[in-house]
$ cat final_9.cif   # mmCIF, C-alpha atoms
data_start
#
loop_
_atom_site.label_atom_id
_atom_site.label_comp_id
_atom_site.auth_asym_id
_atom_site.auth_seq_id
_atom_site.Cartn_x
_atom_site.Cartn_y
_atom_site.Cartn_z
CA LYS J 1 58.31 59.30 12.04
CA VAL J 2 56.33 61.98 13.87
CA ALA J 3 57.54 65.44 14.86
CA ILE J 4 55.40 67.69 17.08
CA ILE J 5 55.15 71.48 17.04
CA GLU J 6 53.73 72.91 20.25
CA HIS J 7 54.11 75.57 22.96
CA PRO J 8 57.41 75.09 24.88
CA ASP J 9 55.69 73.92 28.10
CA SER J 10 53.41 71.39 26.37
CA TRP J 11 53.04 67.95 27.94
CA SER J 12 53.74 66.45 24.51
CA ALA J 13 57.45 67.27 24.86
CA SER J 14 57.75 64.20 27.10
CA LEU J 15 56.74 61.95 24.19
CA VAL J 16 60.27 62.16 22.77
CA ALA J 17 61.84 60.53 25.84
CA GLU J 18 59.07 57.93 25.81
CA GLY J 19 59.95 57.02 22.23
CA VAL J 20 56.49 57.89 20.91
CA VAL J 21 57.64 60.74 18.62
CA ALA J 22 60.98 61.50 16.98
CA LYS J 23 61.23 65.20 17.67
CA PHE J 24 59.59 68.05 19.64
CA MET J 25 59.87 71.54 18.11
CA PRO J 26 58.81 74.35 20.49
CA VAL J 27 56.96 77.42 19.18
CA ASP J 28 55.85 80.29 21.40
CA MET J 29 52.13 80.33 20.62
CA SER J 30 51.68 83.70 22.38
CA GLN J 31 53.32 85.43 19.40
CA SER J 32 51.38 86.94 16.53
CA SER J 33 49.92 84.54 13.96
CA GLU J 34 52.55 85.66 11.47
CA ALA J 35 55.41 84.95 13.90
CA VAL J 36 53.99 81.53 14.83
CA PHE J 37 53.71 80.68 11.12
CA GLU J 38 57.28 81.73 10.32
CA THR J 39 58.76 79.88 13.30
CA ALA J 40 56.79 76.71 12.53
CA LEU J 41 57.73 76.93 8.84
CA ASN J 42 61.42 77.20 9.68
CA HIS J 43 61.17 74.21 12.02
CA ILE J 44 59.52 72.08 9.33
CA ARG J 45 62.02 73.11 6.67
CA SER J 46 64.84 72.04 9.01
CA LEU J 47 63.53 68.47 9.23
CA GLY J 48 65.87 65.94 7.67
CA GLY J 49 68.92 67.88 8.74
CA ASP J 50 69.68 65.38 11.47
CA ALA J 51 69.39 61.63 11.93
CA LEU J 52 66.10 61.95 13.82
CA THR J 53 63.72 62.74 10.97
CA GLY J 54 63.31 63.03 7.24
CA GLN J 55 61.68 65.81 5.25
CA ALA J 56 58.00 66.47 5.93
CA ASP J 57 55.52 64.33 3.98
CA GLY J 58 52.43 65.87 5.55
CA ILE J 59 51.10 68.06 8.35
CA CYS J 60 48.02 67.47 10.47
CA THR J 61 46.48 68.78 13.68
CA PHE J 62 43.94 67.55 16.20
CA VAL J 63 43.35 71.12 17.41
CA GLU J 64 40.60 73.08 15.69
CA LEU J 65 42.22 76.45 16.37
CA SER J 66 45.38 75.30 14.56
CA VAL J 67 43.65 74.26 11.33
CA PRO J 68 44.21 77.68 9.66
CA LEU J 69 47.92 77.52 10.54
CA VAL J 70 48.26 74.00 9.14
CA ALA J 71 46.51 75.01 5.90
CA ARG J 72 48.98 77.87 5.40
CA LEU J 73 51.98 75.66 6.19
CA CYS J 74 50.81 73.01 3.70
CA GLU J 75 50.33 75.68 1.03
CA ALA J 76 53.79 77.16 1.65
CA LEU J 77 55.47 73.74 1.52
CA GLY J 78 53.47 72.32 -1.39
CA LEU J 79 51.96 69.58 0.77
CA PRO J 80 48.40 68.23 0.41
CA GLY J 81 45.75 69.96 2.49
CA HIS J 82 42.80 72.30 2.57
CA THR J 83 43.22 75.76 1.05
CA PRO J 84 43.55 78.60 3.59
CA ALA J 85 40.50 80.32 2.04
CA ALA J 86 38.32 77.24 2.57
CA VAL J 87 39.53 76.80 6.15
CA ASP J 88 38.99 80.46 7.03
CA CYS J 89 35.45 80.28 5.66
CA ALA J 90 34.68 77.12 7.63
CA ARG J 91 36.11 78.52 10.88
CA ASN J 92 34.08 81.75 10.65
CA LYS J 93 30.34 81.12 11.13
CA HIS J 94 29.36 84.38 9.40
CA ALA J 95 31.48 83.55 6.35
CA THR J 96 30.07 80.01 6.32
CA ARG J 97 26.51 81.34 6.30
CA ALA J 98 27.37 83.68 3.40
CA ALA J 99 28.96 80.83 1.40
CA LEU J 100 25.89 78.62 1.90
CA LYS J 101 23.60 81.44 0.80
CA ILE J 102 25.65 82.08 -2.35
CA ALA J 103 25.44 78.35 -3.11
CA GLY J 104 21.64 78.54 -2.93
CA LEU J 105 21.37 76.54 0.28
CA PRO J 106 18.97 77.52 3.08
CA THR J 107 20.60 79.41 5.96
CA PRO J 108 19.18 81.19 9.02
CA ARG J 109 18.95 84.98 9.11
CA ASN J 110 22.07 86.35 10.78
CA TYR J 111 23.96 89.50 11.63
CA LEU J 112 27.59 90.01 12.74
CA ILE J 113 27.78 92.26 15.81
CA SER J 114 31.12 94.03 16.17
CA SER J 115 30.14 96.63 18.80
CA ASP J 116 27.36 97.79 21.16
CA ALA J 117 26.15 100.22 18.50
CA GLU J 118 25.07 97.33 16.24
CA VAL J 119 23.01 95.39 18.78
CA GLU J 120 19.66 97.06 18.08
CA LYS J 121 20.06 96.76 14.30
CA ALA J 122 20.96 93.09 14.66
CA GLY J 123 17.72 92.52 16.54
CA SER J 124 15.67 94.20 13.82
CA VAL J 125 17.35 92.21 11.03
CA VAL J 126 17.28 88.76 12.64
CA GLY J 127 14.17 88.98 14.84
CA PHE J 128 13.32 86.78 17.84
CA PRO J 129 13.86 84.20 19.17
CA ALA J 130 17.52 84.16 18.20
CA VAL J 131 20.89 82.76 19.28
CA LEU J 132 24.05 84.69 20.08
CA LYS J 133 27.40 82.93 19.57
CA PRO J 134 31.09 83.79 19.05
CA VAL J 135 31.73 83.90 15.30
CA SER J 136 34.82 81.68 15.62
CA GLY J 137 34.04 79.78 18.81
CA ALA J 138 33.67 76.08 19.46
CA ALA J 139 32.07 73.63 21.92
CA SER J 140 29.04 75.92 22.43
CA LEU J 141 31.13 78.28 24.59
CA GLY J 142 29.38 81.66 24.85
CA VAL J 143 26.27 80.46 22.99
CA LYS J 144 22.89 81.60 24.39
CA LYS J 145 19.29 81.99 23.25
CA VAL J 146 17.57 85.40 23.48
CA SER J 147 13.84 86.10 23.20
CA ASN J 148 13.58 89.92 23.08
CA ILE J 149 15.58 93.11 22.66
CA GLY J 150 16.19 93.42 26.41
CA GLU J 151 17.70 89.94 26.61
CA LEU J 152 19.71 90.65 23.47
CA ALA J 153 21.40 93.72 24.97
CA SER J 154 22.20 92.10 28.33
CA THR J 155 23.29 88.77 26.84
CA TYR J 156 25.56 90.48 24.32
CA GLN J 157 27.37 92.22 27.19
CA GLU J 158 27.52 88.93 29.10
CA ILE J 159 29.11 87.12 26.14
CA VAL J 160 31.58 89.92 25.40
CA GLU J 161 32.72 89.85 29.03
CA GLU J 162 33.04 86.06 28.89
CA LEU J 163 35.04 86.21 25.66
CA SER J 164 37.44 88.74 27.20
CA THR J 165 38.53 86.09 29.73
CA LEU J 166 39.23 83.33 27.20
CA VAL J 167 42.67 81.81 26.79
CA VAL J 168 43.98 79.08 24.52
CA SER J 169 45.32 76.18 26.58
CA SER J 170 46.39 72.83 25.06
CA GLY J 171 44.71 73.93 21.84
CA ALA J 172 41.31 74.60 23.41
CA LEU J 173 39.41 77.78 24.24
CA ILE J 174 38.81 77.93 28.00
CA LYS J 175 37.85 80.55 30.57
CA GLY J 176 41.03 81.95 32.01
CA ASP J 177 41.87 82.76 35.62
CA ALA J 178 44.97 83.35 37.71
CA ASN J 179 45.87 79.66 37.62
CA SER J 180 44.81 78.60 34.13
CA GLY J 181 47.86 79.75 32.18
CA GLY J 182 47.47 79.63 28.41
CA VAL J 183 47.63 82.33 25.75
CA ASN J 184 45.18 85.23 25.52
CA ALA J 185 42.66 84.30 22.83
CA LYS J 186 42.06 87.84 21.58
CA GLY J 187 45.05 87.83 19.27
CA MET J 188 44.42 84.31 17.97
CA VAL J 189 40.72 84.09 17.08
CA ASP J 190 37.96 86.47 16.00
CA LEU J 191 35.85 87.17 19.10
CA SER J 192 33.04 89.04 17.32
CA VAL J 193 29.50 87.86 18.11
CA LEU J 194 27.06 86.43 15.58
CA MET J 195 23.30 86.73 16.06
CA GLU J 196 21.24 84.26 14.08
CA GLN J 197 17.69 83.06 13.77
CA TYR J 198 16.73 80.36 16.29
CA LEU J 199 15.72 77.08 14.66
CA ASP J 200 13.81 74.61 16.84
CA GLY J 201 14.20 70.88 16.22
CA PRO J 202 16.57 67.91 16.56
CA GLU J 203 20.29 68.48 16.01
CA ILE J 204 22.16 65.97 13.87
CA ASP J 205 25.95 65.55 13.65
CA CYS J 206 27.45 64.38 10.36
CA ASP J 207 31.15 63.47 10.62
CA VAL J 208 33.08 62.65 7.45
CA VAL J 209 36.72 61.78 6.76
CA MET J 210 37.72 62.70 3.20
CA SER J 211 40.75 61.59 1.20
CA GLY J 212 41.40 62.39 -2.44
CA GLY J 213 37.90 63.79 -2.83
CA GLU J 214 36.23 60.58 -1.61
CA TYR J 215 34.86 59.88 1.83
CA GLN J 216 36.59 57.08 3.72
CA TYR J 217 34.45 57.22 6.84
CA ALA J 218 31.11 58.77 7.69
CA ALA J 219 28.86 58.72 10.74
CA VAL J 220 25.52 60.33 11.51
CA ALA J 221 24.50 60.78 15.15
CA ASP J 222 21.80 62.55 17.16
CA ASN J 223 22.85 65.32 19.55
CA GLY J 224 20.91 65.12 22.79
CA PRO J 225 18.74 68.04 23.92
CA THR J 226 20.46 70.88 25.83
CA MET J 227 19.26 73.02 28.73
CA GLU J 228 18.15 76.28 27.11
CA PRO J 229 18.96 79.12 26.98
CA TYR J 230 22.42 77.51 26.82
CA PHE J 231 23.57 74.91 24.30
CA ASN J 232 26.42 73.11 26.05
CA GLU J 233 26.53 69.48 24.92
#

$ encode --input "final_9.cif" --output "structure tokens"
Amino acid sequence: KVAIIEHPDSWSASLVAEGVVAKFMPVDMSQSSEAVFETALNHIRSLGGDALTGQADGICTFVELSVPLVARLCEALGLPGHTPAAVDCARNKHATRAALKIAGLPTPRNYLISSDAEVEKAGSVVGFPAVLKPVSGAASLGVKKVSNIGELASTYQEIVEELSTLVVSSGALIKGDANSGGVNAKGMVDLSVLMEQYLDGPEIDCDVVMSGGEYQYAAVADNGPTMEPYFNE
């Protein structure tokens, strides 16, 4: 049986009446990460206390932004899953680059920009051309190529302004407006900006499903060219 944890106004609540899932457990996702974790944990621990469900056998998510939460819930409940440290490293592009470098794997030059004061130094460390991107973003949102220090300064401001409008809606980062609803992204994801060396060439996607340390499914696919200086697929 399936139980869903989501924001109270989620469309998925209707799946209970449709007989698709056994239970819907609302969690206010606008709370702090700690509060969301505690509320979700209490919900999961309560499973099996009625005739609708049994105790939890596993937790999964189809939402990238919820992967860190799921990892922490699995750890707290002794369920199989990725470690929080591994997930945090994978979700943070700067931390991923550092891990690859420590492992002796090639990685582009990069610099984490946390404020306007670091923009010029980032340019001197990384060089040009380069790419600016949110350190914890997804779907190429806020990703742009820069070719000189002037473009770097203006594009950094452009991306910071864009990131300030982001909200999390149905598990995805989107640009917010008066009608979009959703939860302000600032308190949920790291909105720092990463500058990294631009690498020209074909982009390849490698998708793998792992179970018990062995891959069960794998696919390799070409990503089509994008319209620079943006990288929206």

$ resolve_selection --input "final_9.cif" --expression "the PyMOL selection byres ((chain J and resi 153) around 12)" --output "short mmCIF file (atom, residue, chain, number, x, y, z; two decimals) with C-alpha atoms, keeping the file's coordinate frame"
data_model
loop_
_atom_site.label_atom_id
_atom_site.label_comp_id
_atom_site.auth_asym_id
_atom_site.auth_seq_id
_atom_site.Cartn_x
_atom_site.Cartn_y
_atom_site.Cartn_z
CA ILE J 113 27.78 92.26 15.81
CA SER J 115 30.14 96.63 18.80
CA ASP J 116 27.36 97.79 21.16
CA ALA J 117 26.15 100.22 18.50
CA GLU J 118 25.07 97.33 16.24
CA VAL J 119 23.01 95.39 18.78
CA GLU J 120 19.66 97.06 18.08
CA LYS J 121 20.06 96.76 14.30
CA ALA J 122 20.96 93.09 14.66
CA GLY J 123 17.72 92.52 16.54
CA LEU J 132 24.05 84.69 20.08
CA VAL J 146 17.57 85.40 23.48
CA SER J 147 13.84 86.10 23.20
CA ASN J 148 13.58 89.92 23.08
CA ILE J 149 15.58 93.11 22.66
CA GLY J 150 16.19 93.42 26.41
CA GLU J 151 17.70 89.94 26.61
CA LEU J 152 19.71 90.65 23.47
CA SER J 154 22.20 92.10 28.33
CA THR J 155 23.29 88.77 26.84
CA TYR J 156 25.56 90.48 24.32
CA GLN J 157 27.37 92.22 27.19
CA GLU J 158 27.52 88.93 29.10
CA ILE J 159 29.11 87.12 26.14
CA VAL J 160 31.58 89.92 25.40
CA MET J 195 23.30 86.73 16.06
#

$ residues_around --input "final_9.cif" --residues "Ile59 (chain J)" --least-positions-apart "4" --cutoff "8 Å" --atoms "only C-alpha atoms" --output "ChimeraX atom specification"
/J:70,73-74,79

$ closest_residue --input "final_9.cif" --among "J:Ala13, J:Ala76, J:Ala218, J:Ile102" --to "Met25 (chain J)" --atoms "all atoms listed in the file"
J:Ala13

$ atom_distance --input "final_9.cif" --atom1 "CA of Asp28 (chain J)" --atom2 "CA of His7 (chain J)"
5.3 Å

$ resolve_selection --input "final_9.cif" --expression "the PyMOL selection byres ((chain J and resi 226) around 12)" --output "list in words"
Ser140, Val143, Lys144, Lys145, Asp200, Gly201, Pro202, Glu203, Asn223, Gly224, Pro225, Met227, Glu228, Pro229, Tyr230, Phe231, Asn232 and Glu233 of chain J

$ write_last_selection --input "final_9.cif" --atoms "C-alpha atoms" --output "PDB file, in the frame of the given file"
ATOM      1  CA  SER J 140      29.040  75.920  22.430  1.00  0.00           C
ATOM      2  CA  VAL J 143      26.270  80.460  22.990  1.00  0.00           C
ATOM      3  CA  LYS J 144      22.890  81.600  24.390  1.00  0.00           C
ATOM      4  CA  LYS J 145      19.290  81.990  23.250  1.00  0.00           C
ATOM      5  CA  ASP J 200      13.810  74.610  16.840  1.00  0.00           C
ATOM      6  CA  GLY J 201      14.200  70.880  16.220  1.00  0.00           C
ATOM      7  CA  PRO J 202      16.570  67.910  16.560  1.00  0.00           C
ATOM      8  CA  GLU J 203      20.290  68.480  16.010  1.00  0.00           C
ATOM      9  CA  ASN J 223      22.850  65.320  19.550  1.00  0.00           C
ATOM     10  CA  GLY J 224      20.910  65.120  22.790  1.00  0.00           C
ATOM     11  CA  PRO J 225      18.740  68.040  23.920  1.00  0.00           C
ATOM     12  CA  MET J 227      19.260  73.020  28.730  1.00  0.00           C
ATOM     13  CA  GLU J 228      18.150  76.280  27.110  1.00  0.00           C
ATOM     14  CA  PRO J 229      18.960  79.120  26.980  1.00  0.00           C
ATOM     15  CA  TYR J 230      22.420  77.510  26.820  1.00  0.00           C
ATOM     16  CA  PHE J 231      23.570  74.910  24.300  1.00  0.00           C
ATOM     17  CA  ASN J 232      26.420  73.110  26.050  1.00  0.00           C
ATOM     18  CA  GLU J 233      26.530  69.480  24.920  1.00  0.00           C
TER      19      GLU J 233
END

$ residues_around --input "final_9.cif" --residues "Thr96 (chain J)" --least-positions-apart "5" --cutoff "12 Å" --atoms "all atoms listed in the file" --output "MDAnalysis selection string"
chainID J and resid 85:91 101:103 105:108 110 135:136 194

$ closest_residue --input "final_9.cif" --among "J:Ala51, J:Leu100, J:Leu141, J:Met29" --to "Leu69 (chain J)" --atoms "only C-alpha atoms"
J:Met29

$ closest_residue --input "final_9.cif" --among "J:Glu161, J:Asp205, J:Glu214, J:Glu6" --to "Thr39 (chain J)" --atoms "only C-alpha atoms"
J:Glu6

$ closest_residue --input "final_9.cif" --among "J:Phe24, J:Tyr217, J:Tyr111, J:Phe37" --to "Ser66 (chain J)" --atoms "all atoms listed in the file"
J:Phe37

$ resolve_selection --input "final_9.cif" --expression "the PyMOL selection byres ((chain J and resi 55) around 8)" --output "ChimeraX atom specification"
/J:44-48,53-54,56-57

$ atom_distance --input "final_9.cif" --atom1 "CA of Ser14 (chain J)" --atom2 "CA of Glu34 (chain J)"
27.1 Å

$ atom_distance --input "final_9.cif" --atom1 "CA of Leu112 (chain J)" --atom2 "CA of Ser124 (chain J)"
12.7 Å

$ closest_residue --input "final_9.cif" --among "J:Asp207, J:Asp50, J:Glu38, J:Asp190" --to "Ala219 (chain J)" --atoms "all atoms listed in the file"
J:Asp207

$ residues_around --input "final_9.cif" --residues "Leu52 (chain J)" --least-positions-apart "3" --cutoff "10 Å" --atoms "only C-alpha atoms" --output "list in words"
Lys1, Val2, Ala3, Val21, Ala22, Lys23, Leu47, Gly48 and Gly49 of chain J
